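Participant: Input file: coords-v3.cif. Contents: mmCIF, C-alpha atoms; chains and numbers go by the auth columns.
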data_start
loop_
_atom_site.group_PDB
_atom_site.id
_atom_site.type_symbol
_atom_site.label_atom_id
_atom_site.label_comp_id
_atom_site.label_asym_id
_atom_site.label_seq_id
_atom_site.Cartn_x
_atom_site.Cartn_y
_atom_site.Cartn_z
_atom_site.B_iso_or_equiv
_atom_site.auth_seq_id
_atom_site.auth_asym_id
ATOM 1 C CA MET A 1 37.409 125.805 -63.590 0.00 1 F
ATOM 2 C CA LYS A 2 40.370 123.518 -64.152 0.00 2 F
ATOM 3 C CA ALA A 3 39.515 123.212 -67.852 0.00 3 F
ATOM 4 C CA ARG A 4 39.426 127.020 -68.177 0.00 4 F
ATOM 5 C CA SER A 5 42.852 127.340 -66.557 0.00 5 F
ATOM 6 C CA ALA A 6 44.246 124.708 -68.891 0.00 6 F
ATOM 7 C CA VAL A 7 42.854 126.497 -71.943 0.00 7 F
ATOM 8 C CA GLY A 8 44.250 129.789 -70.639 0.00 8 F
ATOM 9 C CA LEU A 9 47.667 128.254 -70.127 0.00 9 F
ATOM 10 C CA LEU A 10 47.599 126.704 -73.594 0.00 10 F
ATOM 11 C CA ALA A 11 46.644 130.035 -75.145 0.00 11 F
ATOM 12 C CA ALA A 12 49.409 131.826 -73.248 0.00 12 F
ATOM 13 C CA GLY A 13 51.914 129.169 -74.332 0.00 13 F
ATOM 14 C CA ALA A 14 50.838 129.430 -77.959 0.00 14 F
ATOM 15 C CA ALA A 15 51.083 133.222 -77.837 0.00 15 F
ATOM 16 C CA LEU A 16 54.567 133.020 -76.357 0.00 16 F
ATOM 17 C CA ALA A 17 55.701 130.508 -78.980 0.00 17 F
ATOM 18 C CA GLY A 18 54.275 132.721 -81.730 0.00 18 F
ATOM 19 C CA ALA A 19 56.063 135.752 -80.327 0.00 19 F
ATOM 20 C CA ILE A 20 59.383 133.863 -80.206 0.00 20 F
ATOM 21 C CA VAL A 21 59.004 132.673 -83.813 0.00 21 F
ATOM 22 C CA PHE A 22 58.088 136.207 -84.936 0.00 22 F
ATOM 23 C CA VAL A 23 61.038 137.830 -83.186 0.00 23 F
ATOM 24 C CA ARG A 24 63.513 135.196 -84.451 0.00 24 F
ATOM 25 C CA THR A 25 62.237 135.461 -88.019 0.00 25 F
ATOM 26 C CA LYS A 26 62.342 139.247 -87.877 0.00 26 F
ATOM 27 C CA SER A 27 65.866 139.294 -86.448 0.00 27 F
ATOM 28 C CA GLN A 28 67.025 136.910 -89.176 0.00 28 F
ATOM 29 C CA VAL A 29 65.580 139.157 -91.871 0.00 29 F
ATOM 30 C CA GLU A 30 67.155 142.235 -90.282 0.00 30 F
ATOM 31 C CA ARG A 31 70.516 140.541 -90.013 0.00 31 F
ATOM 32 C CA GLU A 32 71.074 140.615 -93.772 0.00 32 F
ATOM 33 C CA HIS A 33 73.011 143.764 -94.510 0.00 33 F
ATOM 34 C CA VAL A 34 76.138 145.183 -96.075 0.00 34 F
ATOM 35 C CA ASP A 35 78.358 147.515 -94.028 0.00 35 F
ATOM 36 C CA VAL A 36 80.698 149.713 -96.030 0.00 36 F
ATOM 37 C CA TYR A 37 83.635 151.313 -94.179 0.00 37 F
ATOM 38 C CA PHE A 38 85.555 154.340 -95.436 0.00 38 F
ATOM 39 C CA ALA A 39 89.091 155.613 -94.825 0.00 39 F
ATOM 40 C CA ASP A 40 87.870 158.466 -92.604 0.00 40 F
ATOM 41 C CA GLY A 41 86.399 155.893 -90.169 0.00 41 F
ATOM 42 C CA SER A 42 82.787 156.393 -91.240 0.00 42 F
ATOM 43 C CA MET A 43 80.507 153.480 -92.066 0.00 43 F
ATOM 44 C CA VAL A 44 77.324 153.113 -94.093 0.00 44 F
ATOM 45 C CA SER A 45 75.031 150.215 -93.239 0.00 45 F
ATOM 46 C CA LEU A 46 72.838 149.057 -96.099 0.00 46 F
ATOM 47 C CA GLU A 47 69.913 146.848 -95.156 0.00 47 F
ATOM 48 C CA ALA A 48 68.121 144.456 -97.459 0.00 48 F
ATOM 49 C CA GLY A 49 65.273 146.396 -99.012 0.00 49 F
ATOM 50 C CA SER A 50 67.307 149.552 -99.647 0.00 50 F
ATOM 51 C CA ALA A 51 68.450 150.239 -103.210 0.00 51 F
ATOM 52 C CA ASP A 52 72.173 149.830 -102.451 0.00 52 F
ATOM 53 C CA GLY A 53 71.551 146.922 -100.086 0.00 53 F
ATOM 54 C CA ASP A 54 69.618 145.015 -102.724 0.00 54 F
ATOM 55 C CA ARG A 55 72.377 145.737 -105.236 0.00 55 F
ATOM 56 C CA LEU A 56 75.224 144.584 -102.967 0.00 56 F
ATOM 57 C CA LEU A 57 73.667 141.674 -101.064 0.00 57 F
ATOM 58 C CA PRO A 58 73.469 139.328 -104.081 0.00 58 F
ATOM 59 C CA LEU A 59 77.173 139.986 -104.720 0.00 59 F
ATOM 60 C CA ALA A 60 77.974 139.182 -101.082 0.00 60 F
ATOM 61 C CA ARG A 61 75.906 135.984 -101.282 0.00 61 F
ATOM 62 C CA ARG A 62 77.705 135.031 -104.509 0.00 62 F
ATOM 63 C CA ALA A 63 81.097 135.556 -102.852 0.00 63 F
ATOM 64 C CA LEU A 64 79.997 133.380 -99.921 0.00 64 F
ATOM 65 C CA ALA A 65 78.706 130.644 -102.213 0.00 65 F
ATOM 66 C CA SER A 66 81.836 130.622 -104.368 0.00 66 F
ATOM 67 C CA ALA A 67 84.094 130.312 -101.310 0.00 67 F
ATOM 68 C CA ARG A 68 82.053 127.400 -99.992 0.00 68 F
ATOM 69 C CA GLY A 69 81.962 125.637 -103.343 0.00 69 F
ATOM 70 C CA MET B 1 106.908 135.579 -95.513 0.00 70 T
ATOM 71 C CA ASP B 2 105.051 135.168 -98.783 0.00 71 T
ATOM 72 C CA ALA B 3 101.363 135.645 -99.567 0.00 72 T
ATOM 73 C CA ALA B 4 100.470 131.996 -98.918 0.00 73 T
ATOM 74 C CA GLN B 5 102.163 132.136 -95.523 0.00 74 T
ATOM 75 C CA ALA B 6 100.327 135.372 -94.660 0.00 75 T
ATOM 76 C CA LEU B 7 97.013 133.658 -95.431 0.00 76 T
ATOM 77 C CA ALA B 8 97.976 130.524 -93.510 0.00 77 T
ATOM 78 C CA ASP B 9 98.774 132.710 -90.486 0.00 78 T
ATOM 79 C CA LEU B 10 95.449 134.502 -90.944 0.00 79 T
ATOM 80 C CA THR B 11 93.390 131.322 -90.806 0.00 80 T
ATOM 81 C CA GLU B 12 95.480 130.071 -87.903 0.00 81 T
ATOM 82 C CA ILE B 13 94.969 133.141 -85.710 0.00 82 T
ATOM 83 C CA SER B 14 91.330 133.682 -86.641 0.00 83 T
ATOM 84 C CA ALA B 15 89.180 130.686 -85.793 0.00 84 T
ATOM 85 C CA GLN B 16 86.133 132.436 -87.252 0.00 85 T
ATOM 86 C CA ILE B 17 87.515 132.495 -90.785 0.00 86 T
ATOM 87 C CA GLU B 18 86.508 129.491 -92.902 0.00 87 T
ATOM 88 C CA ALA B 19 88.315 130.443 -96.105 0.00 88 T
ATOM 89 C CA ALA B 20 90.306 133.390 -97.407 0.00 89 T
ATOM 90 C CA VAL B 21 91.797 134.636 -100.619 0.00 90 T
ATOM 91 C CA LEU B 22 94.398 137.278 -101.368 0.00 91 T
ATOM 92 C CA ALA B 23 94.111 138.949 -104.762 0.00 92 T
ATOM 93 C CA ASP B 24 94.993 141.985 -106.817 0.00 93 T
ATOM 94 C CA HIS B 25 92.322 144.660 -107.128 0.00 94 T
ATOM 95 C CA ASP B 26 91.189 143.188 -110.454 0.00 95 T
ATOM 96 C CA GLY B 27 90.466 139.837 -108.783 0.00 96 T
ATOM 97 C CA SER B 28 93.593 137.963 -109.926 0.00 97 T
ATOM 98 C CA VAL B 29 94.384 135.440 -107.186 0.00 98 T
ATOM 99 C CA VAL B 30 97.722 135.849 -105.389 0.00 99 T
ATOM 100 C CA ALA B 31 97.129 133.166 -102.754 0.00 100 T
ATOM 101 C CA SER B 32 94.211 131.235 -101.349 0.00 101 T
ATOM 102 C CA THR B 33 93.307 128.797 -98.599 0.00 102 T
ATOM 103 C CA LEU B 34 90.933 127.023 -100.992 0.00 103 T
ATOM 104 C CA ASP B 35 92.224 123.825 -102.597 0.00 104 T
ATOM 105 C CA ASP B 36 89.990 124.271 -105.641 0.00 105 T
ATOM 106 C CA GLU B 37 91.613 126.799 -107.993 0.00 106 T
ATOM 107 C CA ALA B 38 88.338 127.535 -109.812 0.00 107 T
ATOM 108 C CA ALA B 39 86.605 128.268 -106.502 0.00 108 T
ATOM 109 C CA ALA B 40 89.472 130.551 -105.454 0.00 109 T
ATOM 110 C CA ASN B 41 89.216 132.462 -108.747 0.00 110 T
ATOM 111 C CA ALA B 42 85.432 132.756 -108.448 0.00 111 T
ATOM 112 C CA PHE B 43 85.708 133.940 -104.839 0.00 112 T
ATOM 113 C CA ALA B 44 88.374 136.543 -105.668 0.00 113 T
ATOM 114 C CA GLU B 45 86.376 137.834 -108.647 0.00 114 T
ATOM 115 C CA ALA B 46 83.182 138.062 -106.589 0.00 115 T
ATOM 116 C CA ALA B 47 85.048 139.912 -103.806 0.00 116 T
ATOM 117 C CA ALA B 48 86.565 142.372 -106.302 0.00 117 T
ATOM 118 C CA GLU B 49 83.151 142.892 -107.859 0.00 118 T
ATOM 119 C CA LEU B 50 81.598 143.517 -104.434 0.00 119 T
ATOM 120 C CA LEU B 51 84.271 146.117 -103.664 0.00 120 T
ATOM 121 C CA ALA B 52 83.790 147.831 -107.020 0.00 121 T
ATOM 122 C CA ALA B 53 80.013 147.933 -106.571 0.00 122 T
ATOM 123 C CA ALA B 54 80.333 149.238 -103.003 0.00 123 T
ATOM 124 C CA ASP B 55 82.630 152.006 -104.247 0.00 124 T
ATOM 125 C CA GLU B 56 79.578 153.545 -105.898 0.00 125 T
ATOM 126 C CA VAL B 57 77.773 153.941 -102.555 0.00 126 T
ATOM 127 C CA ARG B 58 79.494 157.250 -101.815 0.00 127 T
ATOM 128 C CA THR B 59 80.218 159.310 -104.886 0.00 128 T
ATOM 129 C CA GLU B 60 80.485 162.862 -103.517 0.00 129 T
ATOM 130 C CA PRO B 61 83.664 164.600 -104.744 0.00 130 T
ATOM 131 C CA GLY B 62 86.448 164.577 -102.151 0.00 131 T
ATOM 132 C CA SER B 63 84.903 161.774 -100.102 0.00 132 T
ATOM 133 C CA ASP B 64 87.262 159.267 -98.526 0.00 133 T
ATOM 134 C CA PRO B 65 87.789 155.965 -100.307 0.00 134 T
ATOM 135 C CA LEU B 66 86.269 152.666 -99.238 0.00 135 T
ATOM 136 C CA VAL B 67 88.655 150.505 -97.205 0.00 136 T
ATOM 137 C CA GLN B 68 86.645 147.494 -96.068 0.00 137 T
ATOM 138 C CA ILE B 69 83.242 145.900 -96.369 0.00 138 T
ATOM 139 C CA GLU B 70 81.172 143.252 -94.618 0.00 139 T
ATOM 140 C CA GLY B 71 78.291 141.512 -96.339 0.00 140 T
ATOM 141 C CA ALA B 72 76.179 139.659 -93.789 0.00 141 T
ATOM 142 C CA ALA B 73 73.816 137.026 -95.196 0.00 142 T
ATOM 143 C CA LEU B 74 71.747 134.516 -93.260 0.00 143 T
ATOM 144 C CA ASP B 75 74.228 131.677 -93.685 0.00 144 T
ATOM 145 C CA GLY B 76 77.427 133.632 -93.087 0.00 145 T
ATOM 146 C CA SER B 77 79.397 136.774 -93.715 0.00 146 T
ATOM 147 C CA VAL B 78 81.887 137.815 -96.341 0.00 147 T
ATOM 148 C CA PHE B 79 84.592 140.331 -95.443 0.00 148 T
ATOM 149 C CA VAL B 80 86.784 142.239 -97.860 0.00 149 T
ATOM 150 C CA ALA B 81 89.601 144.615 -96.880 0.00 150 T
ATOM 151 C CA LYS B 82 91.980 146.327 -99.252 0.00 151 T
ATOM 152 C CA ASP B 83 95.167 148.353 -99.350 0.00 152 T
ATOM 153 C CA ASP B 84 96.863 150.134 -102.261 0.00 153 T
ATOM 154 C CA ARG B 85 97.805 146.930 -104.066 0.00 154 T
ATOM 155 C CA HIS B 86 95.802 143.976 -102.786 0.00 155 T
ATOM 156 C CA LEU B 87 92.502 142.878 -101.406 0.00 156 T
ATOM 157 C CA VAL B 88 91.948 140.107 -98.913 0.00 157 T
ATOM 158 C CA ALA B 89 88.555 138.428 -98.651 0.00 158 T
ATOM 159 C CA ALA B 90 87.294 135.938 -96.091 0.00 159 T
ATOM 160 C CA VAL B 91 84.110 134.101 -95.261 0.00 160 T
ATOM 161 C CA THR B 92 82.856 133.328 -91.763 0.00 161 T
ATOM 162 C CA LYS B 93 79.887 131.668 -90.102 0.00 162 T
ATOM 163 C CA PRO B 94 76.884 133.881 -89.213 0.00 163 T
ATOM 164 C CA ARG B 95 77.314 136.494 -86.473 0.00 164 T
ATOM 165 C CA PRO B 96 81.103 136.788 -86.418 0.00 165 T
ATOM 166 C CA THR B 97 83.046 139.228 -84.240 0.00 166 T
ATOM 167 C CA VAL B 98 83.277 141.857 -86.954 0.00 167 T
ATOM 168 C CA GLY B 99 86.037 143.999 -85.438 0.00 168 T
ATOM 169 C CA LEU B 100 88.314 141.024 -84.860 0.00 169 T
ATOM 170 C CA VAL B 101 87.905 139.679 -88.383 0.00 170 T
ATOM 171 C CA PHE B 102 88.715 143.084 -89.910 0.00 171 T
ATOM 172 C CA TYR B 103 91.721 143.434 -87.595 0.00 172 T
ATOM 173 C CA ASP B 104 93.050 140.045 -88.714 0.00 173 T
ATOM 174 C CA LEU B 105 92.498 140.841 -92.404 0.00 174 T
ATOM 175 C CA LYS B 106 94.355 144.152 -92.081 0.00 175 T
ATOM 176 C CA THR B 107 97.185 142.456 -90.200 0.00 176 T
ATOM 177 C CA CYS B 108 97.495 140.022 -93.114 0.00 177 T
ATOM 178 C CA LEU B 109 97.679 142.908 -95.617 0.00 178 T
ATOM 179 C CA ARG B 110 100.242 144.762 -93.480 0.00 179 T
ATOM 180 C CA MET B 111 102.452 141.687 -93.158 0.00 180 T
ATOM 181 C CA LEU B 112 102.409 141.201 -96.906 0.00 181 T
ATOM 182 C CA GLU B 113 103.152 144.876 -97.573 0.00 182 T
ATOM 183 C CA ARG B 114 106.133 144.813 -95.185 0.00 183 T
ATOM 184 C CA GLU B 115 107.466 141.707 -96.891 0.00 184 T
ATOM 185 C CA GLU B 116 107.136 143.286 -100.314 0.00 185 T
ATOM 186 C CA GLU B 117 108.863 146.478 -99.121 0.00 186 T
ATOM 187 C CA ALA B 118 111.721 144.442 -97.677 0.00 187 T
ATOM 188 C CA LYS B 119 112.074 142.510 -100.954 0.00 188 T
ATOM 189 C CA ALA B 120 112.045 145.739 -102.987 0.00 189 T
ATOM 190 C CA ALA B 121 114.686 147.307 -100.719 0.00 190 T
ATOM 191 C CA LYS B 122 116.872 144.219 -101.044 0.00 191 T
ATOM 192 C CA ALA B 123 116.512 144.232 -104.836 0.00 192 T
ATOM 193 C CA THR B 124 117.478 147.923 -104.992 0.00 193 T
ATOM 194 C CA GLU B 125 120.466 147.301 -102.733 0.00 194 T
ATOM 195 C CA THR B 126 121.636 144.380 -104.909 0.00 195 T
ATOM 196 C CA ALA B 127 121.213 146.420 -108.106 0.00 196 T
ATOM 197 C CA THR B 128 123.194 149.341 -106.611 0.00 197 T
ATOM 198 C CA ARG B 129 125.984 146.995 -105.493 0.00 198 T
ATOM 199 C CA ARG B 130 126.093 145.412 -108.960 0.00 199 T
ATOM 200 C CA ARG B 131 126.306 148.841 -110.634 0.00 200 T
ATOM 201 C CA THR B 132 129.111 149.938 -108.281 0.00 201 T
ATOM 202 C CA THR B 133 131.090 146.747 -108.961 0.00 202 T
ATOM 203 C CA THR B 134 130.667 147.093 -112.739 0.00 203 T
ATOM 204 C CA LYS B 135 131.736 150.757 -112.623 0.00 204 T
ATOM 205 C CA LYS B 136 134.812 149.843 -110.541 0.00 205 T
ATOM 206 C CA LYS B 137 135.777 147.080 -112.983 0.00 206 T
ATOM 207 C CA THR B 138 135.371 149.451 -115.945 0.00 207 T
ATOM 208 C CA GLU B 139 137.555 152.055 -114.265 0.00 208 T
ATOM 209 C CA GLU B 140 140.200 149.431 -113.475 0.00 209 T
ATOM 210 C CA ALA B 141 140.155 148.166 -117.053 0.00 210 T
ATOM 211 C CA GLU B 142 140.492 151.714 -118.374 0.00 211 T
ATOM 212 C CA SER B 143 143.411 152.516 -116.090 0.00 212 T
ATOM 213 C CA GLU B 144 145.154 149.264 -117.077 0.00 213 T
ATOM 214 C CA SER B 145 144.737 149.961 -120.798 0.00 214 T
ATOM 215 C CA SER B 146 146.059 153.521 -120.448 0.00 215 T
#
Do you think you could lay out the structure here as structure tokens?

Facilitator:
Amino acid sequence: MKARSAVGLLAAGAALAGAIVFVRTKSQVEREHVDVYFADGSMVSLEAGSADGDRLLPLARRALASARG
Amino acid sequence: MDAAQALADLTEISAQIEAAVLADHDGSVVASTLDDEAAANAFAEAAAELLAAADEVRTEPGSDPLVQIEGAALDGSVFVAKDDRHLVAAVTKPRPTVGLVFYDLKTCLRMLEREEEAKAAKATETATRRRTTTKKKTEEAESESS
């Protein structure tokens, strides 16, 4: 009985850890984006994976890298 | 206040900003917080290129122009804001307070614009005074000779 509880707890712990890793990885991937703001106050958010996002993100990364040397 | 002072104030008031550069729209550096000149040039050029590329996002006729942009990567963000003459670009750590950074960048541009307007007004005033003095001297010389 005790062994079963321990296995259950271990499985629950592993599932929780997996879920945390998944959510953190996903949120990191989603965080990469380019937001473009216009004079009328509107904004277009371009995520990685979209055509414009994939065109602009390398330029943003290059700007970051050049500023950091 | 000159461009370098405007940037120094920017990095002083905004703790989130690691480095910043002020440049013309073509990427020519006006002032920078970076000690390395080559890095400042590369940063300004990359920021100008990013702005130019982002300008193509909205191409409908009559649409409002782009004024600022944030590129958020995993290891940090790059911000670029522009006015009629200059652009100011800055890099921050990941997850910055976006609104505050843009506010500080625009304040920097406004301060520089005001300074340039004041300088231009002073130059015009000096030129006008010089012209008036020259005209007066010419008139005096003419009246003396006649």

Participant: Within 8 Å of chain T, which residues of chain F show up? Give each one with its shortest atom-to-atom distance in Å (one decimal) and the two atoms involved, counting all atoms listed in the file, rows by chain then rising residue number, as JSON lines.

Facilitator:
{"residue": "F:Gln28", "atom": "CA", "partner": "T:Leu143", "partner_atom": "CA", "distance": 6.7}
{"residue": "F:Val29", "atom": "CA", "partner": "T:Leu143", "partner_atom": "CA", "distance": 7.8}
{"residue": "F:Arg31", "atom": "CA", "partner": "T:Ala141", "partner_atom": "CA", "distance": 6.9}
{"residue": "F:Glu32", "atom": "CA", "partner": "T:Ala142", "partner_atom": "CA", "distance": 4.7}
{"residue": "F:His33", "atom": "CA", "partner": "T:Ala141", "partner_atom": "CA", "distance": 5.2}
{"residue": "F:Val34", "atom": "CA", "partner": "T:Gly140", "partner_atom": "CA", "distance": 4.3}
{"residue": "F:Asp35", "atom": "CA", "partner": "T:Glu139", "partner_atom": "CA", "distance": 5.1}
{"residue": "F:Val36", "atom": "CA", "partner": "T:Ile138", "partner_atom": "CA", "distance": 4.6}
{"residue": "F:Tyr37", "atom": "CA", "partner": "T:Gln137", "partner_atom": "CA", "distance": 5.2}
{"residue": "F:Phe38", "atom": "CA", "partner": "T:Leu135", "partner_atom": "CA", "distance": 4.2}
{"residue": "F:Ala39", "atom": "CA", "partner": "T:Asp133", "partner_atom": "CA", "distance": 5.5}
{"residue": "F:Asp40", "atom": "CA", "partner": "T:Asp133", "partner_atom": "CA", "distance": 6.0}
{"residue": "F:Asp52", "atom": "CA", "partner": "T:Val126", "partner_atom": "CA", "distance": 6.9}
{"residue": "F:Leu56", "atom": "CA", "partner": "T:Leu119", "partner_atom": "CA", "distance": 6.6}
{"residue": "F:Leu57", "atom": "CA", "partner": "T:Gly140", "partner_atom": "CA", "distance": 6.6}
{"residue": "F:Leu59", "atom": "CA", "partner": "T:Leu119", "partner_atom": "CA", "distance": 5.7}
{"residue": "F:Ala60", "atom": "CA", "partner": "T:Gly140", "partner_atom": "CA", "distance": 5.3}
{"residue": "F:Arg61", "atom": "CA", "partner": "T:Ala142", "partner_atom": "CA", "distance": 6.5}
{"residue": "F:Arg62", "atom": "CA", "partner": "T:Ala115", "partner_atom": "CA", "distance": 6.6}
{"residue": "F:Ala63", "atom": "CA", "partner": "T:Ala115", "partner_atom": "CA", "distance": 5.0}
{"residue": "F:Leu64", "atom": "CA", "partner": "T:Val147", "partner_atom": "CA", "distance": 6.0}
{"residue": "F:Ser66", "atom": "CA", "partner": "T:Phe112", "partner_atom": "CA", "distance": 5.1}
{"residue": "F:Ala67", "atom": "CA", "partner": "T:Phe112", "partner_atom": "CA", "distance": 5.3}
{"residue": "F:Arg68", "atom": "CA", "partner": "T:Ala88", "partner_atom": "CA", "distance": 8.0}
{"residue": "F:Gly69", "atom": "CA", "partner": "T:Ala108", "partner_atom": "CA", "distance": 6.2}

Participant: Using all atoms listed in the file, which of T:Leu76, T:Asp104, T:Ser214, T:Gln85 sits nearest Gly168 (chain T)?

Facilitator: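 Smallest separation from Gly168 (chain T) among the options: T:Gln85.
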
Participant: Could you tell me how far CA of Ala65 (chain F) lies from CA of Phe22 (chain F), in Å and to one decimal?

Facilitator: 27.5 Å

Participant: Once the PyMOL selection byres ((chain T and resi 174-190) around 8) has been evaluated on this model, what residues remain selected, and can you format them as a PyMOL selection string?

Facilitator: chain T and resi 70-72+75-76+78-79+150-152+155-158+170-173+191-194

Participant: What is the CA of Ser97 (chain T) to CA of Arg55 (chain F) distance in Å?

Facilitator: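 A separation of 23.1 Å between them.
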
Participant: To one decimal place in Å, what is the distance between CA of Ala100 (chain T) and CA of Ala73 (chain T)?

Facilitator: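 Computed distance, CA of Ala100 (chain T) to CA of Ala73 (chain T), equals 5.2 Å.
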
Participant: If I only want region 37-52 of chain F, can you write it with N, CA, C and O atoms, as a compact mmCIF listing (two decimals), in the first residue's frame?

Facilitator:
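File result-v1.txt, as written:
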# COMPACT_ATOMS: atom_id res chain seq x y z
N TYR F 37 4.46 49.87 -33.89
CA TYR F 37 3.48 50.90 -33.48
C TYR F 37 3.40 52.00 -34.54
O TYR F 37 4.44 52.44 -35.03
N PHE F 38 2.19 52.44 -34.82
CA PHE F 38 1.98 53.46 -35.84
C PHE F 38 1.50 54.78 -35.23
O PHE F 38 1.06 54.80 -34.07
N ALA F 39 1.59 55.84 -36.03
CA ALA F 39 1.29 57.19 -35.54
C ALA F 39 -0.16 57.34 -35.07
O ALA F 39 -0.45 58.17 -34.22
N ASP F 40 -1.07 56.54 -35.62
CA ASP F 40 -2.48 56.65 -35.21
C ASP F 40 -2.75 55.88 -33.91
O ASP F 40 -3.90 55.81 -33.46
N GLY F 41 -1.71 55.32 -33.29
CA GLY F 41 -1.87 54.62 -32.01
C GLY F 41 -2.10 53.13 -32.18
O GLY F 41 -2.17 52.40 -31.18
N SER F 42 -2.22 52.65 -33.41
CA SER F 42 -2.44 51.22 -33.61
C SER F 42 -1.12 50.46 -33.53
O SER F 42 -0.04 51.04 -33.64
N MET F 43 -1.22 49.17 -33.29
CA MET F 43 -0.02 48.34 -33.13
C MET F 43 -0.25 46.99 -33.81
O MET F 43 -1.36 46.45 -33.76
N VAL F 44 0.78 46.49 -34.46
CA VAL F 44 0.71 45.16 -35.06
C VAL F 44 1.75 44.30 -34.37
O VAL F 44 2.92 44.67 -34.29
N SER F 45 1.32 43.17 -33.82
CA SER F 45 2.25 42.27 -33.15
C SER F 45 2.56 41.09 -34.07
O SER F 45 1.66 40.41 -34.53
N LEU F 46 3.84 40.91 -34.34
CA LEU F 46 4.26 39.87 -35.28
C LEU F 46 5.03 38.79 -34.53
O LEU F 46 6.12 39.03 -34.02
N GLU F 47 4.43 37.63 -34.44
CA GLU F 47 5.05 36.52 -33.71
C GLU F 47 6.06 35.80 -34.60
O GLU F 47 5.96 35.85 -35.83
N ALA F 48 6.99 35.11 -33.95
CA ALA F 48 7.89 34.24 -34.70
C ALA F 48 7.04 33.16 -35.37
O ALA F 48 6.11 32.64 -34.75
N GLY F 49 7.33 32.89 -36.60
CA GLY F 49 6.52 31.91 -37.34
C GLY F 49 5.66 32.58 -38.39
O GLY F 49 5.28 31.95 -39.38
N SER F 50 5.34 33.87 -38.19
CA SER F 50 4.61 34.61 -39.23
C SER F 50 5.63 35.13 -40.23
O SER F 50 6.82 35.26 -39.91
N ALA F 51 5.17 35.46 -41.43
CA ALA F 51 6.10 35.89 -42.49
C ALA F 51 6.86 37.14 -42.07
O ALA F 51 8.10 37.20 -42.14
N ASP F 52 6.12 38.17 -41.59
CA ASP F 52 6.77 39.42 -41.19
C ASP F 52 7.61 39.23 -39.92
O ASP F 52 8.68 39.82 -39.78
